[in-house]
>>> print(open('query-v4.pdb').read())   # PDB, C-alpha atoms
ATOM      1  CA  MET A 371     -21.349   3.952  17.587
ATOM      2  CA  ARG A 372     -21.763   6.866  15.189
ATOM      3  CA  PHE A 373     -20.656   6.975  11.564
ATOM      4  CA  GLU A 374     -18.207   9.780  12.431
ATOM      5  CA  ASP A 375     -16.710   7.684  15.254
ATOM      6  CA  VAL A 376     -16.096   4.736  12.934
ATOM      7  CA  LYS A 377     -14.322   6.916  10.375
ATOM      8  CA  LYS A 378     -11.837   8.052  13.053
ATOM      9  CA  ILE A 379     -10.694   4.514  13.903
ATOM     10  CA  ASP A 380      -7.260   3.591  12.516
ATOM     11  CA  TRP A 381      -5.229   0.621  13.762
ATOM     12  CA  LYS A 382      -2.098   2.378  12.468
ATOM     13  CA  GLN A 383      -2.470   4.873  15.329
ATOM     14  CA  ASP A 384      -2.196   2.155  17.984
ATOM     15  CA  PRO A 385       0.239   3.404  20.709
ATOM     16  CA  ASP A 386       2.168   0.119  20.942
ATOM     17  CA  LEU A 387       2.587  -0.041  17.183
ATOM     18  CA  LEU A 388       3.664   3.598  16.997
ATOM     19  CA  ALA A 389       6.274   2.959  19.712
ATOM     20  CA  VAL A 390       8.010   0.163  17.789
ATOM     21  CA  GLU A 391       7.669   2.069  14.529
ATOM     22  CA  ARG A 392       9.407   5.052  16.141
ATOM     23  CA  LYS A 393      12.213   2.727  17.230
ATOM     24  CA  MET A 394      12.533   1.399  13.675
ATOM     25  CA  ALA A 395      12.468   4.938  12.290
ATOM     26  CA  GLY A 396      15.204   5.890  14.755
ATOM     27  CA  LEU A 397      17.393   3.082  13.444
ATOM     28  CA  ALA A 398      16.740   4.166   9.852
ATOM     29  CA  GLU A 399      17.581   7.770  10.696
ATOM     30  CA  ARG A 400      20.808   6.699  12.389
ATOM     31  CA  GLU A 401      21.742   4.598   9.360
ATOM     32  CA  THR A 402      21.178   7.592   7.064
ATOM     33  CA  LYS A 403      23.441   9.786   9.201
ATOM     34  CA  GLU A 404      26.131   7.114   9.427
ATOM     35  CA  ARG A 405      26.147   6.584   5.686
ATOM     36  CA  ALA A 406      26.405  10.329   5.098
ATOM     37  CA  ARG A 407      29.386  10.461   7.474
ATOM     38  CA  LEU A 408      30.898   7.471   5.699
ATOM     39  CA  GLU A 409      30.684   9.307   2.373
ATOM     40  CA  ALA A 410      32.292  12.415   3.897
ATOM     41  CA  LEU A 411      35.103  10.306   5.348
ATOM     42  CA  GLY A 412      35.661   8.738   1.948
ATOM     43  CA  HIS A 413      36.361  12.211   0.554
ATOM     44  CA  ILE A 414      38.726  12.925   3.461
ATOM     45  CA  VAL A 415      40.645   9.693   2.831
ATOM     46  CA  ARG A 416      40.979  10.366  -0.900
ATOM     47  CA  ASP A 417      42.155  13.933  -0.282
ATOM     48  CA  ALA A 418      44.606  12.812   2.411
ATOM     49  CA  GLU A 419      46.027  10.091   0.182
ATOM     50  CA  GLU A 420      46.550  12.633  -2.595
ATOM     51  CA  SER A 421      48.085  15.129  -0.146
ATOM     52  CA  LEU A 422      50.396  12.436   1.200
ATOM     53  CA  VAL A 423      51.691  11.646  -2.289
ATOM     54  CA  GLN A 424      52.206  15.344  -3.029
ATOM     55  CA  CYS A 425      53.953  15.870   0.319
ATOM     56  CA  ARG A 426      56.365  12.987  -0.296
ATOM     57  CA  ALA A 427      57.104  14.240  -3.779
ATOM     58  CA  ALA A 428      57.861  17.704  -2.425
ATOM     59  CA  MET A 429      60.132  16.200   0.229
ATOM     60  CA  LEU A 430      62.081  14.322  -2.441
ATOM     61  CA  LEU A 431      62.613  17.647  -4.193
ATOM     62  CA  ASN A 432      63.406  19.476  -0.939
ATOM     63  CA  GLU A 433      60.434  21.746  -1.556
ATOM     64  CA  PRO A 434      58.373  23.267   1.278
ATOM     65  CA  THR A 435      55.066  21.579   2.151
ATOM     66  CA  LYS A 436      51.870  23.058   3.557
ATOM     67  CA  GLU A 437      51.526  20.159   5.978
ATOM     68  CA  THR A 438      53.907  17.603   7.425
ATOM     69  CA  GLU A 439      53.781  13.990   6.336
ATOM     70  CA  LYS A 440      53.051  13.011   9.936
ATOM     71  CA  ALA A 441      50.024  15.312  10.171
ATOM     72  CA  ILE A 442      48.605  14.016   6.890
ATOM     73  CA  GLN A 443      49.187  10.413   7.935
ATOM     74  CA  GLN A 444      47.450  11.042  11.273
ATOM     75  CA  ARG A 445      44.440  12.527   9.492
ATOM     76  CA  LEU A 446      44.351   9.585   7.097
ATOM     77  CA  ASN A 447      44.652   7.019   9.883
ATOM     78  CA  SER A 448      41.975   8.769  11.932
ATOM     79  CA  ALA A 449      39.543   8.799   8.991
ATOM     80  CA  ARG A 450      40.227   5.142   8.178
ATOM     81  CA  LEU A 451      39.687   4.157  11.804
ATOM     82  CA  GLU A 452      36.369   6.029  11.919
ATOM     83  CA  ILE A 453      35.326   4.391   8.641
ATOM     84  CA  SER A 454      36.050   0.983  10.134
ATOM     85  CA  GLU A 455      34.024   1.817  13.247
ATOM     86  CA  ILE A 456      31.082   3.121  11.202
ATOM     87  CA  GLU A 457      31.092   0.081   8.948
ATOM     88  CA  GLY A 458      30.964  -2.151  12.008
ATOM     89  CA  GLY A 459      28.161  -0.024  13.395
ATOM     90  CA  LEU A 460      26.188  -0.323  10.156
ATOM     91  CA  VAL A 461      26.415  -4.110  10.375
ATOM     92  CA  ALA A 462      25.028  -3.925  13.904
ATOM     93  CA  LEU A 463      22.295  -1.531  12.732
ATOM     94  CA  LYS A 464      21.231  -3.929   9.994
ATOM     95  CA  ILE A 465      21.059  -6.793  12.493
ATOM     96  CA  ALA A 466      18.973  -4.621  14.828
ATOM     97  CA  GLN A 467      16.608  -3.687  11.985
ATOM     98  CA  ASN A 468      16.206  -7.327  10.969
ATOM     99  CA  ARG A 469      15.475  -8.314  14.564
ATOM    100  CA  LEU A 470      13.000  -5.471  15.049
ATOM    101  CA  GLY A 471      11.157  -6.168  11.777
ATOM    102  CA  PRO A 472       9.125  -9.125  13.120
ATOM    103  CA  THR A 473       8.309  -7.090  16.239
ATOM    104  CA  VAL A 474       6.834  -4.359  14.061
ATOM    105  CA  GLU A 475       4.792  -6.928  12.132
ATOM    106  CA  ALA A 476       3.576  -8.534  15.366
ATOM    107  CA  ALA A 477       2.618  -5.114  16.774
ATOM    108  CA  ALA A 478       0.680  -4.337  13.584
ATOM    109  CA  GLU A 479      -1.150  -7.664  13.809
ATOM    110  CA  GLU A 480      -2.031  -7.065  17.457
ATOM    111  CA  ALA A 481      -3.201  -3.533  16.634
ATOM    112  CA  ARG A 482      -5.530  -4.857  13.928
ATOM    113  CA  LEU A 483      -6.874  -7.504  16.303
ATOM    114  CA  ARG A 484      -7.504  -4.902  19.013
ATOM    115  CA  VAL A 485      -9.441  -2.728  16.591
ATOM    116  CA  ALA A 486     -11.445  -5.730  15.383
ATOM    117  CA  ALA A 487     -12.241  -6.750  18.970
ATOM    118  CA  SER A 488     -13.369  -3.222  19.809
ATOM    119  CA  LEU A 489     -15.679  -3.170  16.764
ATOM    120  CA  LEU A 490     -17.430  -6.484  17.325
ATOM    121  CA  ALA A 491     -19.874  -5.383  20.031
ATOM    122  CA  PRO A 492     -20.979  -2.151  18.306
ATOM    123  CA  TYR A 493     -21.202  -4.016  14.994
ATOM    124  CA  ARG A 494     -23.505  -6.637  16.477
ATOM    125  CA  GLN A 495     -25.557  -3.954  18.213
ATOM    126  CA  THR A 496     -25.880  -1.914  15.031
ATOM    127  CA  VAL A 497     -26.977  -4.999  13.082
ATOM    128  CA  SER A 498     -29.575  -5.696  15.766
ATOM    129  CA  ASN A 499     -30.741  -2.068  15.649
ATOM    130  CA  LEU A 500     -30.985  -2.142  11.859
ATOM    131  CA  LYS A 501     -32.935  -5.391  11.928
ATOM    132  CA  ALA A 502     -35.370  -3.912  14.449
ATOM    133  CA  LEU A 503     -35.791  -0.770  12.373
ATOM    134  CA  LEU A 504     -36.339  -2.732   9.160
ATOM    135  CA  THR A 505     -38.790  -5.054  10.922
ATOM    136  CA  LYS A 506     -40.701  -1.976  12.118
ATOM    137  CA  ALA A 507     -40.483  -0.514   8.617
ATOM    138  CA  ALA A 508     -41.849  -3.782   7.198
ATOM    139  CA  GLU A 509     -44.852  -3.534   9.534
ATOM    140  CA  GLU A 510     -45.497   0.027   8.365
ATOM    141  CA  ASN A 511     -45.067  -1.143   4.765
ATOM    142  CA  ARG A 512     -47.708  -3.849   5.288
ATOM    143  CA  VAL A 513     -50.134  -1.190   6.487
ATOM    144  CA  LEU A 514     -49.463   0.885   3.354
ATOM    145  CA  HIS A 515     -50.078  -2.179   1.175
ATOM    146  CA  GLU A 516     -53.270  -3.043   3.034
ATOM    147  CA  ILE A 517     -54.662   0.489   2.815
ATOM    148  CA  HIS A 518     -53.948   0.551  -0.925
ATOM    149  CA  ASN A 519     -55.421  -2.951  -1.337
ATOM    150  CA  LEU A 520     -58.545  -1.849   0.496
ATOM    151  CA  ALA A 521     -58.957   1.160  -1.772
ATOM    152  CA  VAL A 522     -58.627  -1.153  -4.799
ATOM    153  CA  ARG A 523     -60.954  -3.875  -3.431
ATOM    154  CA  GLN A 524     -63.643  -1.394  -2.552
ATOM    155  CA  GLN A 525     -63.290   0.395  -5.893
ATOM    156  CA  LEU A 526     -62.603   3.813  -4.457
ATOM    157  CA  ALA A 527     -60.381   4.902  -7.347
ATOM    158  CA  ARG A 528     -63.009   6.887  -9.254
ATOM    159  CA  GLU A 529     -64.043   8.920  -6.250
ATOM    160  CA  LEU A 530     -60.464   9.350  -5.001
ATOM    161  CA  GLY A 531     -59.064  10.349  -8.388
ATOM    162  CA  GLY A 532     -61.222  13.444  -8.545
ATOM    163  CA  ASN A 533     -60.242  14.546  -5.057
ATOM    164  CA  LYS A 534     -56.779  16.089  -4.916
ATOM    165  CA  ALA A 535     -56.460  15.636  -1.160
ATOM    166  CA  LEU A 536     -57.392  11.924  -1.330
ATOM    167  CA  LYS A 537     -55.531  11.137  -4.543
ATOM    168  CA  PRO A 538     -52.439   9.645  -2.723
ATOM    169  CA  LEU A 539     -54.637   6.679  -1.770
ATOM    170  CA  THR A 540     -54.742   5.722  -5.450
ATOM    171  CA  MET A 541     -50.954   5.471  -5.577
ATOM    172  CA  LEU A 542     -48.997   2.499  -4.198
ATOM    173  CA  LEU A 543     -46.430   4.113  -1.918
ATOM    174  CA  ALA A 544     -45.350   0.913  -0.177
ATOM    175  CA  TRP A 545     -41.819  -0.367  -0.876
ATOM    176  CA  ASN A 546     -41.934  -3.810  -2.468
ATOM    177  CA  PHE A 547     -38.336  -4.554  -1.448
ATOM    178  CA  LEU A 548     -39.596  -4.830   2.149
ATOM    179  CA  THR A 549     -42.991  -6.540   1.853
ATOM    180  CA  HIS A 550     -45.282  -7.753  -0.904
ATOM    181  CA  PRO A 551     -48.935  -6.694  -1.328
ATOM    182  CA  ASN A 552     -50.023  -9.995   0.264
ATOM    183  CA  GLY A 553     -48.191  -9.054   3.475
ATOM    184  CA  THR A 554     -45.234 -11.427   3.180
ATOM    185  CA  ASP A 555     -41.655 -10.220   3.495
ATOM    186  CA  ALA A 556     -39.937  -9.526   0.189
ATOM    187  CA  GLY A 557     -37.350 -12.080  -0.904
ATOM    188  CA  GLU A 558     -34.336  -9.835  -0.380
ATOM    189  CA  PHE A 559     -35.531  -8.841   3.089
ATOM    190  CA  GLN A 560     -36.111 -12.506   4.033
ATOM    191  CA  TYR A 561     -32.664 -13.451   2.756
ATOM    192  CA  TRP A 562     -30.994 -10.583   4.631
ATOM    193  CA  LYS A 563     -32.651 -11.551   7.950
ATOM    194  CA  LYS A 564     -31.631 -15.199   7.587
ATOM    195  CA  TYR A 565     -28.114 -14.184   6.579
ATOM    196  CA  VAL A 566     -27.741 -11.904   9.602
ATOM    197  CA  ASP A 567     -29.130 -14.519  11.999
ATOM    198  CA  SER A 568     -26.772 -17.174  10.638
ATOM    199  CA  ILE A 569     -23.742 -14.965  11.379
ATOM    200  CA  VAL A 570     -24.489 -12.934  14.504
ATOM    201  CA  GLY A 571     -27.774 -14.351  15.702
ATOM    202  CA  ASP A 572     -30.411 -12.230  17.342
ATOM    203  CA  ASP A 573     -29.391 -11.745  20.984
TER     204      ASP A 573
END
>>> encode(input="query-v4.pdb", output="structure tokens")
Amino acid sequence: MRFEDVKKIDWKQDPDLLAVERKMAGLAERETKERARLEALGHIVRDAEESLVQCRAAMLLNEPTKETEKAIQQRLNSARLEISEIEGGLVALKIAQNRLGPTVEAAAEEARLRVAASLLAPYRQTVSNLKALLTKAAEENRVLHEIHNLAVRQQLARELGGNKALKPLTMLLAWNFLTHPNGTDAGEFQYWKKYVDSIVGDD
């Protein structure tokens, strides 16, 4: 698995999770619309109640009215009935949201588990690959140490120091975090190998 491939993985994009999240979002959207309608109906009711009072006052004074009492009352009753229906619907929506909530959580948990399961094999393989590469690197590091040790033991420094092409032999270019000059693995490298083997083993 490549670095770029790993960066693209996101359990939040799991199709099953997205499906239930869309359902939850649909309920939330419906609730928003219903509450907006409820607010609009509240204005209608208040206006109708005011109009009804004004209409009755005009009737008492035998004055003409823009609208009949019956028409205003019908509008008021219709709005109140719709308010009652919406309020009942909002209760049902809340119940549906509460029931769907655990389903969303379960889908998220399953999505995370699926991602984890899909990563295990490549993770183990990558650890194995890294261990093999570092083991190979440690072998190369031992050679660097031994070449440098040889140059020191055989006192080649004076001759090498005056020769620009051969001068690198006077410098220790081995990496002591991998192996020591005596050829043994460095402490951190030993610890890392034991740690890896204790968790994933070396298949």
>>> atom_distance(input="query-v4.pdb", atom1="CA of Thr505 in chain A", atom2="CA of Pro551 in chain A")
16.0 Å
>>> residues_around(input="query-v4.pdb", residues="Gln424 in chain A", least_positions_apart="2", cutoff="12 Å", atoms="all atoms listed in the file", output="PyMOL selection string")
chain A and resi 417-422+426-431+433-439+442
>>> atom_distance(input="query-v4.pdb", atom1="CA of Lys393 in chain A", atom2="CA of Arg407 in chain A")
21.2 Å
>>> residues_around(input="query-v4.pdb", residues="Ile517 in chain A", least_positions_apart="3", cutoff="12 Å", atoms="only C-alpha atoms", output="MDAnalysis selection string")
chainID A and resid 510:514 520:524 526 538:544 551:553
>>> atom_distance(input="query-v4.pdb", atom1="CA of Cys425 in chain A", atom2="CA of Glu409 in chain A")
24.3 Å
